[in-house]
file query-v2.pdb (PDB, C-alpha atoms)
MODEL        1
ATOM      1  CA  MET A   1     111.656  93.962 124.574
ATOM      2  CA  GLY A   2     115.210  92.940 125.341
ATOM      3  CA  LEU A   3     118.265  92.991 123.152
ATOM      4  CA  PRO A   4     118.682  89.869 121.009
ATOM      5  CA  ILE A   5     122.453  89.734 121.619
ATOM      6  CA  LYS A   6     124.646  90.029 124.687
ATOM      7  CA  PHE A   7     127.134  92.858 124.876
ATOM      8  CA  LYS A   8     129.647  94.113 127.367
ATOM      9  CA  GLU A   9     128.575  96.559 130.027
ATOM     10  CA  GLY A  10     129.657 100.098 129.206
ATOM     11  CA  HIS A  11     129.398  99.489 125.453
ATOM     12  CA  ILE A  12     126.757 100.872 123.135
ATOM     13  CA  LEU A  13     125.258  99.660 119.877
ATOM     14  CA  LYS A  14     125.324 101.779 116.742
ATOM     15  CA  LEU A  15     122.173 101.698 114.632
ATOM     16  CA  ASN A  16     122.758 101.515 110.909
ATOM     17  CA  ARG A  17     119.538 103.411 110.288
ATOM     18  CA  SER A  18     116.969 105.385 112.223
ATOM     19  CA  LEU A  19     114.090 103.495 113.769
ATOM     20  CA  TYR A  20     111.915 106.600 113.894
ATOM     21  CA  GLY A  21     110.948 108.813 111.003
ATOM     22  CA  LEU A  22     111.014 106.130 108.354
ATOM     23  CA  LYS A  23     107.882 105.909 106.233
ATOM     24  CA  GLN A  24     107.480 102.222 106.944
ATOM     25  CA  SER A  25     108.035 102.472 110.733
ATOM     26  CA  PRO A  26     104.340 102.787 111.694
ATOM     27  CA  TYR A  27     103.431  99.975 109.298
ATOM     28  CA  ASN A  28     106.191  97.718 110.623
ATOM     29  CA  PHE A  29     105.162  98.355 114.221
ATOM     30  CA  PHE A  30     101.497  97.700 113.421
ATOM     31  CA  GLU A  31     102.401  94.418 111.714
ATOM     32  CA  PHE A  32     104.479  93.428 114.774
ATOM     33  CA  LEU A  33     101.640  94.354 117.148
ATOM     34  CA  LYS A  34      99.053  92.600 114.972
ATOM     35  CA  LYS A  35     101.121  89.405 114.978
ATOM     36  CA  LYS A  36     101.382  89.504 118.789
ATOM     37  CA  LEU A  37      97.662  90.208 119.218
ATOM     38  CA  LEU A  38      96.763  87.313 116.919
ATOM     39  CA  GLN A  39      99.112  85.026 118.874
ATOM     40  CA  CYS A  40      97.320  86.045 122.075
ATOM     41  CA  GLY A  41      93.938  84.944 120.722
ATOM     42  CA  PHE A  42      92.601  88.145 119.183
ATOM     43  CA  LEU A  43      90.880  88.179 115.794
ATOM     44  CA  GLN A  44      91.242  91.220 113.541
ATOM     45  CA  SER A  45      87.971  92.759 112.370
ATOM     46  CA  GLN A  46      87.361  92.556 108.641
ATOM     47  CA  HIS A  47      85.568  95.913 108.780
ATOM     48  CA  ASP A  48      88.154  97.883 110.765
ATOM     49  CA  PRO A  49      91.784  96.711 110.696
ATOM     50  CA  CYS A  50      92.490  98.541 113.977
ATOM     51  CA  LEU A  51      89.863  96.558 115.897
ATOM     52  CA  PHE A  52      90.872  93.256 117.511
ATOM     53  CA  ILE A  53      88.434  91.041 119.386
ATOM     54  CA  SER A  54      89.089  88.086 121.682
ATOM     55  CA  ASP A  55      86.647  85.992 123.703
ATOM     56  CA  LYS A  56      86.613  88.459 126.599
ATOM     57  CA  VAL A  57      88.575  91.557 125.532
ATOM     58  CA  ILE A  58      88.326  94.148 122.760
ATOM     59  CA  CYS A  59      91.439  96.056 121.635
ATOM     60  CA  LEU A  60      91.440  99.268 119.588
ATOM     61  CA  VAL A  61      94.762 100.328 118.066
ATOM     62  CA  TYR A  62      95.821 103.772 116.878
ATOM     63  CA  VAL A  63      99.458 103.948 115.743
ATOM     64  CA  ASP A  64     101.195 102.845 118.977
ATOM     65  CA  ASP A  65      98.302 103.383 121.385
ATOM     66  CA  CYS A  66      95.896 100.625 122.412
ATOM     67  CA  LEU A  67      92.603 100.747 124.270
ATOM     68  CA  PHE A  68      91.418  97.544 125.921
ATOM     69  CA  PHE A  69      87.781  97.013 126.904
ATOM     70  CA  ALA A  70      86.150  94.156 128.810
ATOM     71  CA  PRO A  71      83.196  93.733 131.167
ATOM     72  CA  ASP A  72      85.626  92.544 133.850
ATOM     73  CA  SER A  73      88.958  94.353 134.324
ATOM     74  CA  LYS A  74      90.515  91.060 135.466
ATOM     75  CA  ASP A  75      90.194  89.771 131.891
ATOM     76  CA  ILE A  76      92.197  92.757 130.660
ATOM     77  CA  GLN A  77      94.892  92.100 133.253
ATOM     78  CA  VAL A  78      95.134  88.432 132.231
ATOM     79  CA  MET A  79      95.508  89.490 128.589
ATOM     80  CA  MET A  80      98.105  92.153 129.485
ATOM     81  CA  ASP A  81     100.146  89.606 131.467
ATOM     82  CA  LYS A  82     100.012  87.225 128.521
ATOM     83  CA  MET A  83     101.111  89.934 126.080
ATOM     84  CA  GLN A  84     103.887  91.234 128.338
ATOM     85  CA  ALA A  85     105.244  87.679 128.587
ATOM     86  CA  ASP A  86     105.326  87.760 124.771
ATOM     87  CA  GLU A  87     107.769  90.710 124.398
ATOM     88  CA  LEU A  88     105.239  93.561 124.585
ATOM     89  CA  ALA A  89     105.819  96.304 127.142
ATOM     90  CA  PHE A  90     102.998  98.705 127.969
ATOM     91  CA  ASN A  91     102.637 101.974 129.812
ATOM     92  CA  ILE A  92      99.363 101.208 131.518
ATOM     93  CA  LYS A  93      96.812 103.881 132.335
ATOM     94  CA  ASN A  94      93.571 102.968 134.039
ATOM     95  CA  ASP A  95      91.564 105.688 132.317
ATOM     96  CA  ALA A  96      90.967 106.370 128.644
ATOM     97  CA  ALA A  97      90.495 110.088 129.299
ATOM     98  CA  GLY A  98      92.528 112.113 126.871
ATOM     99  CA  PHE A  99      93.112 109.252 124.426
ATOM    100  CA  LEU A 100      93.695 110.986 121.069
ATOM    101  CA  GLY A 101      92.436 114.193 122.653
ATOM    102  CA  ILE A 102      88.996 112.704 123.202
ATOM    103  CA  LYS A 103      87.308 113.259 126.550
ATOM    104  CA  ILE A 104      85.172 110.249 127.435
ATOM    105  CA  ASP A 105      82.334 110.793 129.899
ATOM    106  CA  CYS A 106      80.264 107.768 130.975
ATOM    107  CA  GLN A 107      76.980 108.334 132.795
ATOM    108  CA  ASP A 108      74.270 105.716 133.256
ATOM    109  CA  ASP A 109      73.633 104.230 129.813
ATOM    110  CA  CYS A 110      75.205 107.109 127.867
ATOM    111  CA  ILE A 111      78.787 107.633 126.673
ATOM    112  CA  GLU A 112      79.647 111.188 125.621
ATOM    113  CA  LEU A 113      82.738 111.881 123.500
ATOM    114  CA  THR A 114      84.056 115.432 123.170
ATOM    115  CA  GLN A 115      87.286 116.977 121.920
ATOM    116  CA  PRO A 116      87.864 120.151 123.944
ATOM    117  CA  GLY A 117      91.541 120.432 122.925
ATOM    118  CA  HIS A 118      90.630 120.078 119.252
ATOM    119  CA  ILE A 119      87.877 122.666 119.580
ATOM    120  CA  ASP A 120      90.245 125.101 121.335
ATOM    121  CA  CYS A 121      92.838 124.580 118.576
ATOM    122  CA  ILE A 122      90.280 125.392 115.875
ATOM    123  CA  ILE A 123      89.124 128.509 117.763
ATOM    124  CA  VAL A 124      92.717 129.792 118.042
ATOM    125  CA  THR A 125      93.569 128.867 114.425
ATOM    126  CA  LEU A 126      90.528 130.758 113.141
ATOM    127  CA  GLY A 127      91.208 133.729 115.466
ATOM    128  CA  LEU A 128      87.923 133.398 117.346
ATOM    129  CA  GLN A 129      89.306 133.576 120.900
ATOM    130  CA  HIS A 130      87.553 136.883 121.577
ATOM    131  CA  ALA A 131      84.308 136.138 119.730
ATOM    132  CA  ASP A 132      81.040 136.154 121.647
ATOM    133  CA  PRO A 133      80.152 132.527 122.404
ATOM    134  CA  VAL A 134      76.679 131.283 121.543
ATOM    135  CA  CYS A 135      75.204 128.093 122.936
ATOM    136  CA  ALA A 136      73.703 126.172 120.028
ATOM    137  CA  LEU A 137      73.854 122.562 121.123
ATOM    138  CA  ALA A 138      72.275 119.880 119.020
ATOM    139  CA  PRO A 139      69.494 117.966 120.733
ATOM    140  CA  LYS A 140      70.696 114.810 122.503
ATOM    141  CA  ALA A 141      69.478 111.921 120.403
ATOM    142  CA  ASN A 142      70.843 108.780 118.876
ATOM    143  CA  LEU A 143      72.447 109.286 115.484
ATOM    144  CA  ARG A 144      70.688 107.583 112.586
ATOM    145  CA  GLN A 145      72.058 106.611 109.197
ATOM    146  CA  ASP A 146      71.091 109.018 106.420
ATOM    147  CA  LYS A 147      70.578 106.581 103.540
ATOM    148  CA  ASP A 148      69.499 109.316 101.106
ATOM    149  CA  GLY A 149      72.227 111.818 101.994
ATOM    150  CA  THR A 150      75.423 112.496 100.097
ATOM    151  CA  PRO A 151      78.719 111.346 101.612
ATOM    152  CA  PHE A 152      80.648 113.988 103.543
ATOM    153  CA  GLU A 153      83.742 115.092 101.629
ATOM    154  CA  GLY A 154      85.363 116.984 104.488
ATOM    155  CA  ASP A 155      86.900 120.426 104.620
ATOM    156  CA  LYS A 156      90.156 120.671 102.670
ATOM    157  CA  SER A 157      90.969 124.073 104.174
ATOM    158  CA  PRO A 158      94.681 124.333 105.069
ATOM    159  CA  SER A 159      93.877 126.712 107.936
ATOM    160  CA  THR A 160      92.488 123.908 110.106
ATOM    161  CA  ARG A 161      94.641 121.096 108.719
ATOM    162  CA  ASN A 162      97.067 121.214 111.680
ATOM    163  CA  CYS A 163      94.158 120.875 114.126
ATOM    164  CA  ARG A 164      92.818 117.774 112.390
ATOM    165  CA  GLY A 165      96.196 116.084 112.421
ATOM    166  CA  THR A 166      96.227 115.618 108.637
TER
ENDMDL
END
call {"tool": "encode", "arguments": {"input": "query-v2.pdb", "output": "C-alpha coordinates"}}
result
Amino acid sequence: MGLPIKFKEGHILKLNRSLYGLKQSPYNFFEFLKKKLLQCGFLQSQHDPCLFISDKVICLVYVDDCLFFAPDSKDIQVMMDKMQADELAFNIKNDAAGFLGIKIDCQDDCIELTQPGHIDCIIVTLGLQHADPVCALAPKANLRQDKDGTPFEGDKSPSTRNCRGT
(Lines of atoms letter the chains of each structure in order from A and count residues from 1; the text may use other names and numbers.)
(Lines give C-alpha, C1' and ligand atoms only; values in the text may rest on other atoms or scores of the structure.)
Protein backbone atom coordinates (compact mmCIF):
# COMPACT_ATOMS: atom_id res chain seq x y z
CA MET A 1 0.00 0.00 0.00
CA GLY A 2 1.47 3.34 -0.96
CA LEU A 3 1.48 6.61 0.90
CA PRO A 4 -1.63 8.72 0.32
CA ILE A 5 0.38 11.96 0.10
CA LYS A 6 3.53 12.99 -1.72
CA PHE A 7 6.53 14.08 0.29
CA LYS A 8 10.04 15.18 -0.43
CA GLU A 9 12.78 12.60 -0.74
CA GLY A 10 14.93 12.44 2.38
CA HIS A 11 12.02 13.42 4.64
CA ILE A 12 10.19 11.16 7.04
CA LEU A 13 6.66 11.14 8.43
CA LYS A 14 5.98 11.22 12.15
CA LEU A 15 3.15 9.00 13.35
CA ASN A 16 0.91 10.57 15.95
CA ARG A 17 0.22 7.15 17.44
CA SER A 18 1.52 3.62 17.20
CA LEU A 19 0.04 1.37 14.55
CA TYR A 20 1.05 -1.77 16.42
CA GLY A 21 0.12 -2.71 19.95
CA LEU A 22 -3.21 -0.94 20.01
CA LYS A 23 -6.13 -3.08 21.13
CA GLN A 24 -8.13 -2.22 18.04
CA SER A 25 -5.29 -2.82 15.53
CA PRO A 26 -6.15 -6.47 14.75
CA TYR A 27 -9.84 -5.58 14.46
CA ASN A 28 -9.13 -2.62 12.18
CA PHE A 29 -6.89 -4.72 9.95
CA PHE A 30 -9.47 -7.52 9.77
CA GLU A 31 -12.18 -5.02 8.81
CA PHE A 32 -9.88 -3.60 6.10
CA LEU A 33 -9.07 -7.09 4.79
CA LYS A 34 -12.73 -8.16 4.94
CA LYS A 35 -13.76 -5.11 2.90
CA LYS A 36 -11.13 -5.91 0.25
CA LEU A 37 -12.10 -9.60 0.12
CA LEU A 38 -15.78 -8.69 -0.30
CA GLN A 39 -14.87 -6.25 -3.09
CA CYS A 40 -12.99 -9.07 -4.84
CA GLY A 41 -16.07 -11.30 -4.90
CA PHE A 42 -15.69 -13.30 -1.70
CA LEU A 43 -18.63 -13.95 0.62
CA GLN A 44 -18.04 -14.19 4.37
CA SER A 45 -19.33 -17.37 6.01
CA GLN A 46 -22.13 -16.86 8.50
CA HIS A 47 -20.78 -19.76 10.57
CA ASP A 48 -17.11 -18.73 10.71
CA PRO A 49 -16.23 -15.05 10.25
CA CYS A 50 -12.68 -15.97 9.21
CA LEU A 51 -13.86 -18.06 6.24
CA PHE A 52 -14.40 -16.33 2.89
CA ILE A 53 -15.66 -18.15 -0.19
CA SER A 54 -15.72 -17.05 -3.83
CA ASP A 55 -16.82 -18.95 -6.92
CA LYS A 56 -13.45 -20.67 -7.31
CA VAL A 57 -11.33 -19.83 -4.24
CA ILE A 58 -11.63 -20.30 -0.48
CA CYS A 59 -9.76 -17.97 1.90
CA LEU A 60 -9.09 -18.65 5.58
CA VAL A 61 -7.91 -15.71 7.68
CA TYR A 62 -6.07 -15.76 11.00
CA VAL A 63 -5.04 -12.30 12.24
CA ASP A 64 -2.86 -11.19 9.29
CA ASP A 65 -2.29 -14.59 7.69
CA CYS A 66 -4.42 -15.95 4.85
CA LEU A 67 -4.64 -19.40 3.33
CA PHE A 68 -6.10 -19.67 -0.16
CA PHE A 69 -7.44 -22.96 -1.54
CA ALA A 70 -8.72 -23.82 -5.01
CA PRO A 71 -8.80 -26.90 -7.24
CA ASP A 72 -6.71 -24.99 -9.79
CA SER A 73 -3.78 -22.85 -8.61
CA LYS A 74 -4.37 -20.52 -11.58
CA ASP A 75 -7.61 -19.38 -9.92
CA ILE A 76 -5.65 -18.41 -6.81
CA GLN A 77 -3.17 -16.45 -8.91
CA VAL A 78 -5.98 -14.57 -10.68
CA MET A 79 -7.50 -13.69 -7.30
CA MET A 80 -4.10 -12.63 -5.90
CA ASP A 81 -3.47 -10.37 -8.91
CA LYS A 82 -6.90 -8.81 -8.44
CA MET A 83 -6.30 -8.23 -4.73
CA GLN A 84 -2.79 -6.85 -5.23
CA ALA A 85 -4.20 -4.36 -7.75
CA ASP A 86 -6.57 -3.32 -4.94
CA GLU A 87 -3.88 -2.17 -2.43
CA LEU A 88 -3.15 -5.55 -0.81
CA ALA A 89 0.45 -6.74 -0.71
CA PHE A 90 1.19 -10.37 0.11
CA ASN A 91 4.23 -12.41 1.01
CA ILE A 92 3.37 -15.48 -1.01
CA LYS A 93 4.39 -18.97 0.03
CA ASN A 94 3.45 -21.94 -2.09
CA ASP A 95 3.11 -24.31 0.86
CA ALA A 96 0.90 -24.13 3.92
CA ALA A 97 3.40 -26.13 5.98
CA GLY A 98 4.01 -24.46 9.29
CA PHE A 99 0.94 -22.22 9.12
CA LEU A 100 0.11 -21.48 12.78
CA GLY A 101 2.54 -24.23 13.75
CA ILE A 102 0.42 -26.86 12.05
CA LYS A 103 2.15 -29.44 9.88
CA ILE A 104 -0.11 -30.43 6.99
CA ASP A 105 0.52 -33.80 5.36
CA CYS A 106 -1.59 -34.77 2.33
CA GLN A 107 -1.56 -38.38 1.14
CA ASP A 108 -4.11 -39.91 -1.22
CA ASP A 109 -7.53 -39.01 0.18
CA CYS A 110 -6.29 -38.20 3.70
CA ILE A 111 -5.11 -34.91 5.21
CA GLU A 112 -3.20 -35.21 8.49
CA LEU A 113 -2.74 -32.18 10.75
CA THR A 114 -0.16 -32.27 13.54
CA GLN A 115 1.45 -29.66 15.77
CA PRO A 116 4.98 -30.88 16.55
CA GLY A 117 6.16 -27.46 17.78
CA HIS A 118 3.17 -27.17 20.11
CA ILE A 119 3.73 -30.68 21.43
CA ASP A 120 7.43 -29.96 22.04
CA CYS A 121 6.51 -26.74 23.88
CA ILE A 122 4.12 -28.61 26.17
CA ILE A 123 6.73 -31.31 26.87
CA VAL A 124 9.33 -28.68 27.84
CA THR A 125 6.82 -26.63 29.88
CA LEU A 126 5.79 -29.71 31.86
CA GLY A 127 9.42 -30.84 32.29
CA LEU A 128 8.94 -34.12 30.44
CA GLN A 129 11.96 -33.89 28.12
CA HIS A 130 13.64 -36.88 29.76
CA ALA A 131 10.52 -38.99 30.31
CA ASP A 132 10.28 -42.40 28.68
CA PRO A 133 8.13 -42.01 25.56
CA VAL A 134 5.23 -44.40 25.03
CA CYS A 135 3.49 -44.86 21.71
CA ALA A 136 -0.24 -44.71 22.36
CA LEU A 137 -1.70 -43.49 19.09
CA ALA A 138 -5.42 -43.33 18.63
CA PRO A 139 -6.76 -45.52 15.85
CA LYS A 140 -7.03 -43.72 12.50
CA ALA A 141 -10.71 -43.15 11.91
CA ASN A 142 -13.02 -40.35 10.96
CA LEU A 143 -14.16 -38.23 13.88
CA ARG A 144 -17.87 -38.39 14.65
CA GLN A 145 -20.03 -35.92 16.53
CA ASP A 146 -20.77 -36.96 20.11
CA LYS A 147 -24.36 -35.74 20.46
CA ASP A 148 -24.72 -37.10 24.01
CA GLY A 149 -21.37 -35.86 25.32
CA THR A 150 -20.72 -32.78 27.41
CA PRO A 151 -18.96 -29.81 25.80
CA PHE A 152 -15.22 -29.61 26.39
CA GLU A 153 -14.36 -26.78 28.79
CA GLY A 154 -10.62 -26.81 28.17
CA ASP A 155 -7.72 -26.78 30.57
CA LYS A 156 -7.34 -23.48 32.41
CA SER A 157 -3.91 -24.44 33.74
CA PRO A 158 -1.49 -21.48 33.58
CA SER A 159 1.46 -23.84 33.09
CA THR A 160 0.49 -24.58 29.48
CA ARG A 161 -1.16 -21.24 28.72
CA ASN A 162 1.92 -19.91 26.87
CA CYS A 163 1.96 -23.00 24.63
CA ARG A 164 -1.68 -22.56 23.64
CA GLY A 165 -1.17 -18.93 22.73
CA THR A 166 -3.87 -17.73 25.13
call {"tool": "residues_around", "arguments": {"input": "query-v2.pdb", "residues": "range 40-45 of chain A", "least_positions_apart": "6", "cutoff": "7 Å", "atoms": "all atoms listed in the file", "output": "PyMOL selection string"}}
result
chain A and resi 51-54+83
call {"tool": "resolve_selection", "arguments": {"input": "query-v2.pdb", "expression": "the PyMOL selection byres ((chain A and resi 36) around 12)", "output": "list in words"}}
result
Phe29, Phe30, Glu31, Phe32, Leu33, Lys34, Lys35, Leu37, Leu38, Gln39, Cys40, Gly41, Phe42, Leu43, Gln44, Phe52, Met79, Met80, Lys82, Met83, Gln84, Ala85, Asp86, Glu87, Leu88 and Ala89 of chain A
call {"tool": "atom_distance", "arguments": {"input": "query-v2.pdb", "atom1": "CA of Gly21 in chain A", "atom2": "CA of His47 in chain A"}}
result
28.6 Å
call {"tool": "closest_residue", "arguments": {"input": "query-v2.pdb", "among": "A:Asp64, A:Pro133, A:Ile111, A:Phe90", "to": "Asn28 in chain A", "atoms": "only C-alpha atoms"}}
result
A:Asp64
call {"tool": "residues_around", "arguments": {"input": "query-v2.pdb", "residues": "Lys74 in chain A", "least_positions_apart": "6", "cutoff": "12 Å", "atoms": "only C-alpha atoms", "output": "PyMOL selection string"}}
result
chain A and resi 56-57+68+80-81
call {"tool": "atom_distance", "arguments": {"input": "query-v2.pdb", "atom1": "CA of Cys59 in chain A", "atom2": "CA of Ser73 in chain A"}}
result
13.0 Å
call {"tool": "atom_distance", "arguments": {"input": "query-v2.pdb", "atom1": "CA of Val124 in chain A", "atom2": "CA of Glu112 in chain A"}}
result
24.0 Å
call {"tool": "axis_aligned_box", "arguments": {"input": "query-v2.pdb", "around": "range 109-127 of chain A", "padding_each_side": "4 Å", "output": "JSON"}}
result
{"center_x": 83.6, "center_y": 119.0, "center_z": 121.5, "size_x": 27.9, "size_y": 37.5, "size_z": 24.7}
call {"tool": "residues_around", "arguments": {"input": "query-v2.pdb", "residues": "Leu113 in chain A", "least_positions_apart": "5", "cutoff": "7 Å", "atoms": "all atoms listed in the file", "output": "list in words"}}
result
Ile102, Lys103, Ile104 and Asp105 of chain A
call {"tool": "decode", "arguments": {"input": "query-v2.pdb", "residues": "range 83-95 of chain A", "atoms": "N, CA, C and O atoms", "output": "PDB file, in the first residue's frame"}}
result
ATOM      1  N   MET A  83      -6.409  -8.816  -6.062  1.00  0.00           N
ATOM      2  CA  MET A  83      -6.298  -8.227  -4.728  1.00  0.00           C
ATOM      3  C   MET A  83      -5.081  -7.315  -4.625  1.00  0.00           C
ATOM      4  O   MET A  83      -5.135  -6.281  -3.966  1.00  0.00           O
ATOM      5  N   GLN A  84      -3.979  -7.691  -5.260  1.00  0.00           N
ATOM      6  CA  GLN A  84      -2.785  -6.847  -5.229  1.00  0.00           C
ATOM      7  C   GLN A  84      -3.023  -5.547  -5.983  1.00  0.00           C
ATOM      8  O   GLN A  84      -2.477  -4.507  -5.620  1.00  0.00           O
ATOM      9  N   ALA A  85      -3.860  -5.580  -7.027  1.00  0.00           N
ATOM     10  CA  ALA A  85      -4.204  -4.359  -7.747  1.00  0.00           C
ATOM     11  C   ALA A  85      -5.099  -3.464  -6.897  1.00  0.00           C
ATOM     12  O   ALA A  85      -5.249  -2.278  -7.173  1.00  0.00           O
ATOM     13  N   ASP A  86      -5.665  -4.055  -5.824  1.00  0.00           N
ATOM     14  CA  ASP A  86      -6.571  -3.319  -4.937  1.00  0.00           C
ATOM     15  C   ASP A  86      -5.913  -3.035  -3.584  1.00  0.00           C
ATOM     16  O   ASP A  86      -6.514  -3.217  -2.537  1.00  0.00           O
ATOM     17  N   GLU A  87      -4.636  -2.638  -3.606  1.00  0.00           N
ATOM     18  CA  GLU A  87      -3.883  -2.171  -2.435  1.00  0.00           C
ATOM     19  C   GLU A  87      -3.446  -3.240  -1.442  1.00  0.00           C
ATOM     20  O   GLU A  87      -2.974  -2.914  -0.370  1.00  0.00           O
ATOM     21  N   LEU A  88      -3.585  -4.514  -1.743  1.00  0.00           N
ATOM     22  CA  LEU A  88      -3.149  -5.547  -0.812  1.00  0.00           C
ATOM     23  C   LEU A  88      -1.830  -6.138  -1.280  1.00  0.00           C
ATOM     24  O   LEU A  88      -1.704  -6.560  -2.426  1.00  0.00           O
ATOM     25  N   ALA A  89      -0.852  -6.149  -0.401  1.00  0.00           N
ATOM     26  CA  ALA A  89       0.451  -6.741  -0.713  1.00  0.00           C
ATOM     27  C   ALA A  89       0.591  -8.027   0.098  1.00  0.00           C
ATOM     28  O   ALA A  89       0.278  -8.058   1.283  1.00  0.00           O
ATOM     29  N   PHE A  90       1.057  -9.076  -0.542  1.00  0.00           N
ATOM     30  CA  PHE A  90       1.187 -10.371   0.115  1.00  0.00           C
ATOM     31  C   PHE A  90       2.618 -10.873   0.038  1.00  0.00           C
ATOM     32  O   PHE A  90       3.318 -10.633  -0.934  1.00  0.00           O
ATOM     33  N   ASN A  91       3.028 -11.585   1.070  1.00  0.00           N
ATOM     34  CA  ASN A  91       4.226 -12.413   1.012  1.00  0.00           C
ATOM     35  C   ASN A  91       3.720 -13.804   0.677  1.00  0.00           C
ATOM     36  O   ASN A  91       3.088 -14.449   1.507  1.00  0.00           O
ATOM     37  N   ILE A  92       3.969 -14.241  -0.526  1.00  0.00           N
ATOM     38  CA  ILE A  92       3.366 -15.476  -1.013  1.00  0.00           C
ATOM     39  C   ILE A  92       4.289 -16.656  -0.753  1.00  0.00           C
ATOM     40  O   ILE A  92       5.467 -16.625  -1.072  1.00  0.00           O
ATOM     41  N   LYS A  93       3.700 -17.695  -0.164  1.00  0.00           N
ATOM     42  CA  LYS A  93       4.385 -18.966   0.032  1.00  0.00           C
ATOM     43  C   LYS A  93       3.546 -20.022  -0.657  1.00  0.00           C
ATOM     44  O   LYS A  93       2.325 -19.993  -0.581  1.00  0.00           O
ATOM     45  N   ASN A  94       4.178 -20.937  -1.329  1.00  0.00           N
ATOM     46  CA  ASN A  94       3.448 -21.944  -2.091  1.00  0.00           C
ATOM     47  C   ASN A  94       3.089 -23.176  -1.275  1.00  0.00           C
ATOM     48  O   ASN A  94       2.585 -24.139  -1.816  1.00  0.00           O
ATOM     49  N   ASP A  95       3.371 -23.147   0.016  1.00  0.00           N
ATOM     50  CA  ASP A  95       3.110 -24.305   0.859  1.00  0.00           C
ATOM     51  C   ASP A  95       2.521 -23.827   2.177  1.00  0.00           C
ATOM     52  O   ASP A  95       2.977 -22.831   2.740  1.00  0.00           O
TER      53      ASP A  95
END
